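As provided, protein.pdb (PDB, C-alpha atoms) reads as follows.
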ATOM      1  CA  MET B 881      -4.092 -14.084  17.448
ATOM      2  CA  ARG B 882      -2.571 -17.585  17.289
ATOM      3  CA  SER B 883      -0.640 -18.527  14.140
ATOM      4  CA  GLU B 884      -3.118 -21.277  13.265
ATOM      5  CA  ASP B 885      -6.059 -18.871  13.573
ATOM      6  CA  ARG B 886      -4.240 -16.348  11.417
ATOM      7  CA  ARG B 887      -3.525 -18.958   8.731
ATOM      8  CA  ARG B 888      -7.226 -19.895   8.670
ATOM      9  CA  LEU B 889      -8.169 -16.242   8.357
ATOM     10  CA  LEU B 890      -5.727 -15.797   5.476
ATOM     11  CA  LEU B 891      -7.045 -18.778   3.554
ATOM     12  CA  GLY B 892     -10.561 -17.457   4.035
ATOM     13  CA  SER B 893      -9.383 -14.068   2.869
ATOM     14  CA  ALA B 894      -8.116 -15.523  -0.394
ATOM     15  CA  VAL B 895     -11.552 -16.836  -1.226
ATOM     16  CA  ALA B 896     -13.123 -13.534  -0.208
ATOM     17  CA  SER B 897     -10.732 -11.557  -2.364
ATOM     18  CA  LEU B 898     -11.405 -13.710  -5.412
ATOM     19  CA  ALA B 899     -15.118 -13.340  -4.947
ATOM     20  CA  CYS B 900     -14.956  -9.548  -4.876
ATOM     21  CA  ALA B 901     -15.302  -7.681  -8.130
ATOM     22  CA  GLY B 902     -13.250  -4.699  -9.179
ATOM     23  CA  ALA B 903     -10.372  -2.923  -7.479
ATOM     24  CA  THR B 904     -11.589  -2.540  -3.913
ATOM     25  CA  PRO B 905      -9.308  -1.308  -1.142
ATOM     26  CA  LEU B 906      -6.646  -3.729   0.089
ATOM     27  CA  ARG B 907      -8.399  -4.061   3.456
ATOM     28  CA  ALA B 908     -11.241  -5.849   1.676
ATOM     29  CA  ALA B 909      -8.807  -8.637   0.860
ATOM     30  CA  VAL B 910      -8.564  -9.566   4.533
ATOM     31  CA  GLY B 911     -12.207  -9.890   5.466
ATOM     32  CA  ASN B 912     -12.969 -12.347   8.285
ATOM     33  CA  VAL B 913     -14.412 -15.362   6.460
ATOM     34  CA  PRO B 914     -15.105 -18.308   8.804
ATOM     35  CA  MET B 915     -13.143 -21.436   7.902
ATOM     36  CA  ARG B 916     -16.346 -23.476   7.503
ATOM     37  CA  ARG B 917     -17.202 -21.329   4.454
ATOM     38  CA  VAL B 918     -13.834 -21.928   2.785
ATOM     39  CA  SER B 919     -14.075 -24.700   0.234
ATOM     40  CA  LEU B 920     -11.136 -27.106   0.214
ATOM     41  CA  GLN B 921     -12.123 -27.791  -3.395
ATOM     42  CA  TRP B 922     -11.110 -24.270  -4.428
ATOM     43  CA  PRO B 923      -8.332 -24.482  -7.060
ATOM     44  CA  ARG B 924      -5.055 -22.743  -6.213
ATOM     45  CA  GLU B 925      -2.557 -21.621  -8.828
ATOM     46  CA  LEU B 926       0.719 -19.742  -8.427
ATOM     47  CA  TRP B 927       2.418 -17.530 -10.991
ATOM     48  CA  ILE B 928       6.130 -17.310 -10.238
ATOM     49  CA  THR B 929       9.128 -15.949 -12.128
ATOM     50  CA  ARG B 930      12.749 -16.664 -11.207
ATOM     51  CA  PRO B 931      15.018 -14.075 -12.890
ATOM     52  CA  ASP B 932      18.307 -15.831 -12.022
ATOM     53  CA  ALA B 933      17.115 -18.982 -13.787
ATOM     54  CA  GLN B 934      15.217 -17.121 -16.528
ATOM     55  CA  GLU B 935      12.160 -19.220 -15.731
ATOM     56  CA  SER B 936       8.482 -18.490 -15.264
ATOM     57  CA  ILE B 937       5.634 -20.843 -14.366
ATOM     58  CA  ARG B 938       1.905 -20.777 -13.781
ATOM     59  CA  ALA B 939       1.264 -23.929 -11.789
ATOM     60  CA  LEU B 940      -2.016 -25.313 -10.470
ATOM     61  CA  TYR B 941      -0.924 -27.104  -7.295
ATOM     62  CA  TRP B 942      -4.305 -27.737  -5.618
ATOM     63  CA  ALA B 943      -7.699 -28.650  -7.096
ATOM     64  CA  ASP B 944     -10.701 -30.794  -6.195
ATOM     65  CA  GLY B 945      -9.460 -30.989  -2.616
ATOM     66  CA  VAL B 946      -6.143 -32.658  -3.451
ATOM     67  CA  LEU B 947      -2.562 -31.792  -4.311
ATOM     68  CA  GLN B 948      -1.894 -31.643  -8.053
ATOM     69  CA  PRO B 949       1.445 -33.491  -8.566
ATOM     70  CA  GLU B 950       2.433 -31.906 -11.876
ATOM     71  CA  GLY B 951       1.916 -28.356 -10.654
ATOM     72  CA  TYR B 952       3.549 -29.087  -7.303
ATOM     73  CA  ARG B 953       6.625 -30.545  -9.035
ATOM     74  CA  ALA B 954       6.895 -27.420 -11.197
ATOM     75  CA  ILE B 955       6.833 -25.245  -8.080
ATOM     76  CA  ASN B 956       9.448 -27.384  -6.327
ATOM     77  CA  ARG B 957      11.646 -27.055  -9.407
ATOM     78  CA  ILE B 958      11.455 -23.257  -9.618
ATOM     79  CA  TYR B 959      12.095 -23.068  -5.843
ATOM     80  CA  ARG B 960      15.246 -25.205  -6.158
ATOM     81  CA  ASP B 961      18.683 -24.214  -4.883
ATOM     82  CA  LEU B 962      20.144 -22.816  -8.096
ATOM     83  CA  HIS B 963      23.752 -23.012  -6.877
ATOM     84  CA  ALA B 964      23.564 -26.678  -5.816
ATOM     85  CA  GLY B 965      20.939 -27.801  -8.346
ATOM     86  CA  VAL B 966      18.957 -29.456  -5.533
ATOM     87  CA  GLU B 967      15.175 -29.568  -5.086
ATOM     88  CA  ARG B 968      13.058 -30.407  -2.059
ATOM     89  CA  PRO B 969       9.319 -30.341  -1.364
ATOM     90  CA  ILE B 970       8.163 -26.820  -0.546
ATOM     91  CA  SER B 971       5.760 -26.414   2.366
ATOM     92  CA  LEU B 972       2.106 -26.283   1.325
ATOM     93  CA  ARG B 973       1.570 -23.716   4.077
ATOM     94  CA  LEU B 974       4.067 -21.420   2.349
ATOM     95  CA  LEU B 975       2.424 -22.001  -1.030
ATOM     96  CA  ASN B 976      -1.009 -21.238   0.429
ATOM     97  CA  LEU B 977       0.350 -18.033   1.946
ATOM     98  CA  ASN B 978       1.754 -17.077  -1.468
ATOM     99  CA  TYR B 979      -1.604 -17.860  -3.040
ATOM    100  CA  VAL B 980      -3.413 -15.552  -0.604
ATOM    101  CA  ILE B 981      -0.948 -12.718  -1.226
ATOM    102  CA  GLN B 982      -1.155 -13.206  -4.992
ATOM    103  CA  CYS B 983      -4.971 -13.005  -4.795
ATOM    104  CA  ALA B 984      -4.712  -9.735  -2.868
ATOM    105  CA  VAL B 985      -2.245  -8.316  -5.418
ATOM    106  CA  ALA B 986      -4.522  -9.273  -8.322
ATOM    107  CA  GLN B 987      -7.537  -7.744  -6.609
ATOM    108  CA  ARG B 988      -5.897  -4.484  -5.569
ATOM    109  CA  TRP B 989      -3.643  -3.880  -8.607
ATOM    110  CA  SER B 990      -3.631  -6.477 -11.400
ATOM    111  CA  PRO B 991      -2.568 -10.110 -11.797
ATOM    112  CA  ARG B 992       1.222 -10.405 -11.782
ATOM    113  CA  PRO B 993       3.803 -13.022 -10.822
ATOM    114  CA  MET B 994       5.705 -13.221  -7.595
ATOM    115  CA  VAL B 995       9.388 -12.622  -8.413
ATOM    116  CA  LEU B 996      11.214 -15.386  -6.529
ATOM    117  CA  LEU B 997      14.770 -14.441  -5.565
ATOM    118  CA  SER B 998      15.549 -17.370  -3.260
ATOM    119  CA  GLY B 999      13.615 -20.470  -2.232
ATOM    120  CA  PHE B1000      15.014 -23.728  -0.903
ATOM    121  CA  ARG B1001      18.687 -23.497   0.066
ATOM    122  CA  THR B1002      21.206 -26.105   1.146
ATOM    123  CA  PRO B1003      23.368 -25.191   4.161
ATOM    124  CA  GLN B1004      26.341 -24.786   1.793
ATOM    125  CA  THR B1005      24.506 -22.276  -0.391
ATOM    126  CA  ASN B1006      23.160 -20.515   2.680
ATOM    127  CA  ARG B1007      26.726 -20.002   3.939
ATOM    128  CA  ARG B1008      27.821 -18.886   0.475
ATOM    129  CA  VAL B1009      25.203 -16.117   0.390
ATOM    130  CA  GLY B1010      25.762 -15.123   4.019
ATOM    131  CA  GLY B1011      22.380 -16.313   5.326
ATOM    132  CA  ALA B1012      21.626 -16.765   9.002
ATOM    133  CA  GLU B1013      21.575 -20.279  10.469
ATOM    134  CA  PRO B1014      19.559 -22.244  11.146
ATOM    135  CA  SER B1015      17.360 -21.153   8.253
ATOM    136  CA  ALA B1016      13.750 -21.861   7.332
ATOM    137  CA  HIS B1017      15.051 -22.012   3.733
ATOM    138  CA  PHE B1018      16.541 -25.445   4.579
ATOM    139  CA  ALA B1019      13.066 -26.889   5.171
ATOM    140  CA  GLY B1020      11.334 -25.278   2.180
ATOM    141  CA  GLN B1021       9.490 -22.938   4.535
ATOM    142  CA  ALA B1022      10.874 -19.572   3.387
ATOM    143  CA  ASP B1023      11.408 -17.442   0.330
ATOM    144  CA  ASP B1024      12.883 -14.096  -0.652
ATOM    145  CA  TYR B1025      10.682 -12.292  -3.141
ATOM    146  CA  ILE B1026       9.111  -9.102  -4.462
ATOM    147  CA  TYR B1027       6.159  -8.165  -6.664
ATOM    148  CA  ALA B1028       7.532  -6.150  -9.578
ATOM    149  CA  GLY B1029       5.485  -3.151 -10.618
ATOM    150  CA  LEU B1030       4.484  -2.384  -7.022
ATOM    151  CA  SER B1031       6.398   0.135  -4.966
ATOM    152  CA  PHE B1032       8.642  -1.262  -2.256
ATOM    153  CA  GLU B1033       6.339   0.411   0.267
ATOM    154  CA  ASP B1034       3.274  -1.406  -1.148
ATOM    155  CA  ASN B1035       5.207  -4.704  -1.108
ATOM    156  CA  LEU B1036       6.099  -4.096   2.525
ATOM    157  CA  ARG B1037       2.517  -3.206   3.475
ATOM    158  CA  LEU B1038       1.325  -6.471   1.922
ATOM    159  CA  ALA B1039       4.020  -8.463   3.707
ATOM    160  CA  ARG B1040       3.047  -6.951   7.059
ATOM    161  CA  LEU B1041      -0.642  -7.501   6.413
ATOM    162  CA  PHE B1042      -0.117 -11.212   5.700
ATOM    163  CA  GLN B1043       2.753 -11.889   8.090
ATOM    164  CA  VAL B1044       2.409 -15.252   9.856
ATOM    165  CA  GLY B1045       6.083 -15.894  10.724
ATOM    166  CA  GLY B1046       9.350 -14.151  10.016
ATOM    167  CA  LEU B1047       9.495 -11.007   7.903
ATOM    168  CA  GLY B1048      12.861  -9.764   6.667
ATOM    169  CA  VAL B1049      13.069  -6.340   5.038
ATOM    170  CA  TYR B1050      16.025  -5.577   2.751
ATOM    171  CA  PRO B1051      15.663  -1.960   1.582
ATOM    172  CA  ASP B1052      19.049  -1.889  -0.206
ATOM    173  CA  ARG B1053      18.075  -4.892  -2.339
ATOM    174  CA  ARG B1054      14.427  -3.830  -2.441
ATOM    175  CA  SER B1055      13.331  -7.336  -1.539
ATOM    176  CA  LEU B1056      11.561  -9.154   1.295
ATOM    177  CA  HIS B1057      11.849 -12.467   3.121
ATOM    178  CA  LYS B1058       8.953 -14.428   4.589
ATOM    179  CA  ASP B1059       8.984 -17.691   6.508
ATOM    180  CA  LEU B1060       6.755 -19.915   8.615
ATOM    181  CA  GLY B1061       8.889 -19.715  11.753
ATOM    182  CA  ARG B1062       8.173 -17.729  14.875
ATOM    183  CA  SER B1063       6.754 -14.256  14.377
ATOM    184  CA  ARG B1064       9.555 -11.689  14.162
ATOM    185  CA  THR B1065      10.650  -8.811  11.930
ATOM    186  CA  TRP B1066      14.098  -7.514  11.017
ATOM    187  CA  ILE B1067      15.515  -4.880   8.701
ATOM    188  CA  GLU B1068      18.912  -5.353   7.152
ATOM    189  CA  TYR B1069      21.038  -2.929   5.185
ATOM    190  CA  GLY B1070      24.304  -3.335   3.361
ATOM    191  CA  ARG B1071      24.237  -6.945   2.228
ATOM    192  CA  ALA B1072      24.463  -6.785  -1.535
ATOM    193  CA  ARG B1073      24.110 -10.503  -2.291
ATOM    194  CA  ALA B1074      20.634 -11.502  -3.381
ATOM    195  CA  GLY B1075      18.898 -14.141  -1.331
ATOM    196  CA  ALA B1076      20.988 -13.705   1.801
ATOM    197  CA  GLY B1077      17.953 -13.808   4.093
ATOM    198  CA  ARG B1078      17.357 -16.088   7.040
TER     199      ARG B1078
END
Would you kindly transcribe this structure into structure tokens?
Amino acid sequence: MRSEDRRRLLLGSAVASLACAGATPLRAAVGNVPMRRVSLQWPRELWITRPDAQESIRALYWADGVLQPEGYRAINRIYRDLHAGVERPISLRLLNLNYVIQCAVAQRWSPRPMVLLSGFRTPQTNRRVGGAEPSAHFAGQADDYIYAGLSFEDNLRLARLFQVGGLGVYPDRRSLHKDLGRSRTWIEYGRARAGAGR
């Protein structure tokens, strides 16, 4: 399946998962909903916590078919490079992927925030944390994250189910990386620094 087709399927899945009532199996969250049935008017909100910054937001970034500037700015801020104090626009494709995953989490378990461990990174910060280069973090197209309250195995199953690009698995840190680059998967042990993904 091409990446673009998969992204369309995932956006359709988000709408399908919100429309379903009760705690149905996770597979129900990825039903094949044709793109023509997905309303671009559908509001999209993200709930994100950032432990290192002691911040938490619930930001509506899309509604009535357009980007919502206030919510989008709040997301860009929480995704900032904490070491350098620098923000950049985060990819809407990444935010939509997060929205789909968050819908699936809410449907299968209960609503909860994505715990953001690393978002945008400058090259200097990336070197400081030992990240690979070049990195999708530079372009606001990657994050390192976890959903607290779910087992690491459930987090990993979700990440695999919704993988559209890179998937990094860090069992020692019990965290994951996702990006919008080419499809690939890696597992890394022994790097203790948080946010050292690609």
>> Starting from the PyMOL selection byres ((chain B and resi 1014) around 12), expand the selection into actual residues of this file and give them as number ranges by chain.
In response: B: 1001-1004, 1006-1007, 1010-1013, 1015-1019, 1022, 1061, 1077-1078
Just the selected residues (C-alpha atoms), exported as a PDB file, in the frame of the given file, please.
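Writing done, so here's part-v8.pdb:
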ATOM      1  CA  ARG B1001      18.687 -23.497   0.066  1.00  0.00           C
ATOM      2  CA  THR B1002      21.206 -26.105   1.146  1.00  0.00           C
ATOM      3  CA  PRO B1003      23.368 -25.191   4.161  1.00  0.00           C
ATOM      4  CA  GLN B1004      26.341 -24.786   1.793  1.00  0.00           C
ATOM      5  CA  ASN B1006      23.160 -20.515   2.680  1.00  0.00           C
ATOM      6  CA  ARG B1007      26.726 -20.002   3.939  1.00  0.00           C
ATOM      7  CA  GLY B1010      25.762 -15.123   4.019  1.00  0.00           C
ATOM      8  CA  GLY B1011      22.380 -16.313   5.326  1.00  0.00           C
ATOM      9  CA  ALA B1012      21.626 -16.765   9.002  1.00  0.00           C
ATOM     10  CA  GLU B1013      21.575 -20.279  10.469  1.00  0.00           C
ATOM     11  CA  SER B1015      17.360 -21.153   8.253  1.00  0.00           C
ATOM     12  CA  ALA B1016      13.750 -21.861   7.332  1.00  0.00           C
ATOM     13  CA  HIS B1017      15.051 -22.012   3.733  1.00  0.00           C
ATOM     14  CA  PHE B1018      16.541 -25.445   4.579  1.00  0.00           C
ATOM     15  CA  ALA B1019      13.066 -26.889   5.171  1.00  0.00           C
ATOM     16  CA  ALA B1022      10.874 -19.572   3.387  1.00  0.00           C
ATOM     17  CA  GLY B1061       8.889 -19.715  11.753  1.00  0.00           C
ATOM     18  CA  GLY B1077      17.953 -13.808   4.093  1.00  0.00           C
ATOM     19  CA  ARG B1078      17.357 -16.088   7.040  1.00  0.00           C
TER      20      ARG B1078
END
> the PyMOL selection byres ((chain B and resi 974-978) around 10) on the file shown: which residues, as a VMD selection string?
Replying inline: chain B and resid 887 890 to 891 894 924 to 928 941 to 942 952 955 970 to 973 979 to 984 994 1020 to 1023 1042 to 1044 1058 to 1060
For the selection just defined, write its residues with C-alpha atoms to a file, as a short mmCIF file (atom, residue, chain, number, x, y, z; two decimals), keeping the file's coordinate frame.
data_model
loop_
_atom_site.label_atom_id
_atom_site.label_comp_id
_atom_site.auth_asym_id
_atom_site.auth_seq_id
_atom_site.Cartn_x
_atom_site.Cartn_y
_atom_site.Cartn_z
CA ARG B 887 -3.52 -18.96 8.73
CA LEU B 890 -5.73 -15.80 5.48
CA LEU B 891 -7.04 -18.78 3.55
CA ALA B 894 -8.12 -15.52 -0.39
CA ARG B 924 -5.06 -22.74 -6.21
CA GLU B 925 -2.56 -21.62 -8.83
CA LEU B 926 0.72 -19.74 -8.43
CA TRP B 927 2.42 -17.53 -10.99
CA ILE B 928 6.13 -17.31 -10.24
CA TYR B 941 -0.92 -27.10 -7.30
CA TRP B 942 -4.30 -27.74 -5.62
CA TYR B 952 3.55 -29.09 -7.30
CA ILE B 955 6.83 -25.24 -8.08
CA ILE B 970 8.16 -26.82 -0.55
CA SER B 971 5.76 -26.41 2.37
CA LEU B 972 2.11 -26.28 1.32
CA ARG B 973 1.57 -23.72 4.08
CA TYR B 979 -1.60 -17.86 -3.04
CA VAL B 980 -3.41 -15.55 -0.60
CA ILE B 981 -0.95 -12.72 -1.23
CA GLN B 982 -1.16 -13.21 -4.99
CA CYS B 983 -4.97 -13.00 -4.80
CA ALA B 984 -4.71 -9.74 -2.87
CA MET B 994 5.70 -13.22 -7.60
CA GLY B 1020 11.33 -25.28 2.18
CA GLN B 1021 9.49 -22.94 4.54
CA ALA B 1022 10.87 -19.57 3.39
CA ASP B 1023 11.41 -17.44 0.33
CA PHE B 1042 -0.12 -11.21 5.70
CA GLN B 1043 2.75 -11.89 8.09
CA VAL B 1044 2.41 -15.25 9.86
CA LYS B 1058 8.95 -14.43 4.59
CA ASP B 1059 8.98 -17.69 6.51
CA LEU B 1060 6.76 -19.92 8.62
#
> Within 9 Å of region 1028-1034 of chain B, counting all atoms listed in the file, which residues qualify if same-chain residues fewer than 4 places away don't, as a PyMOL selection string?
Replying inline: chain B and resi 989+992-995+1038-1039+1051+1054-1055
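Taking CA of Leu1056 (chain B) and CA of Leu997 (chain B) as the two end points, the separation is 9.2 Å.
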> In Å, how far is it from CA of Gly951 (chain B) to CA of Arg938 (chain B)?
Replying inline: 8.2 Å
>> Here's the selection I'm unsure about, the PyMOL selection byres ((chain B and resi 1047) around 7); applied to the file above, which residues does it give, as a VMD selection string?
In response: chain B and resid 1043 1045 to 1046 1048 to 1049 1057 to 1059 1064 to 1066
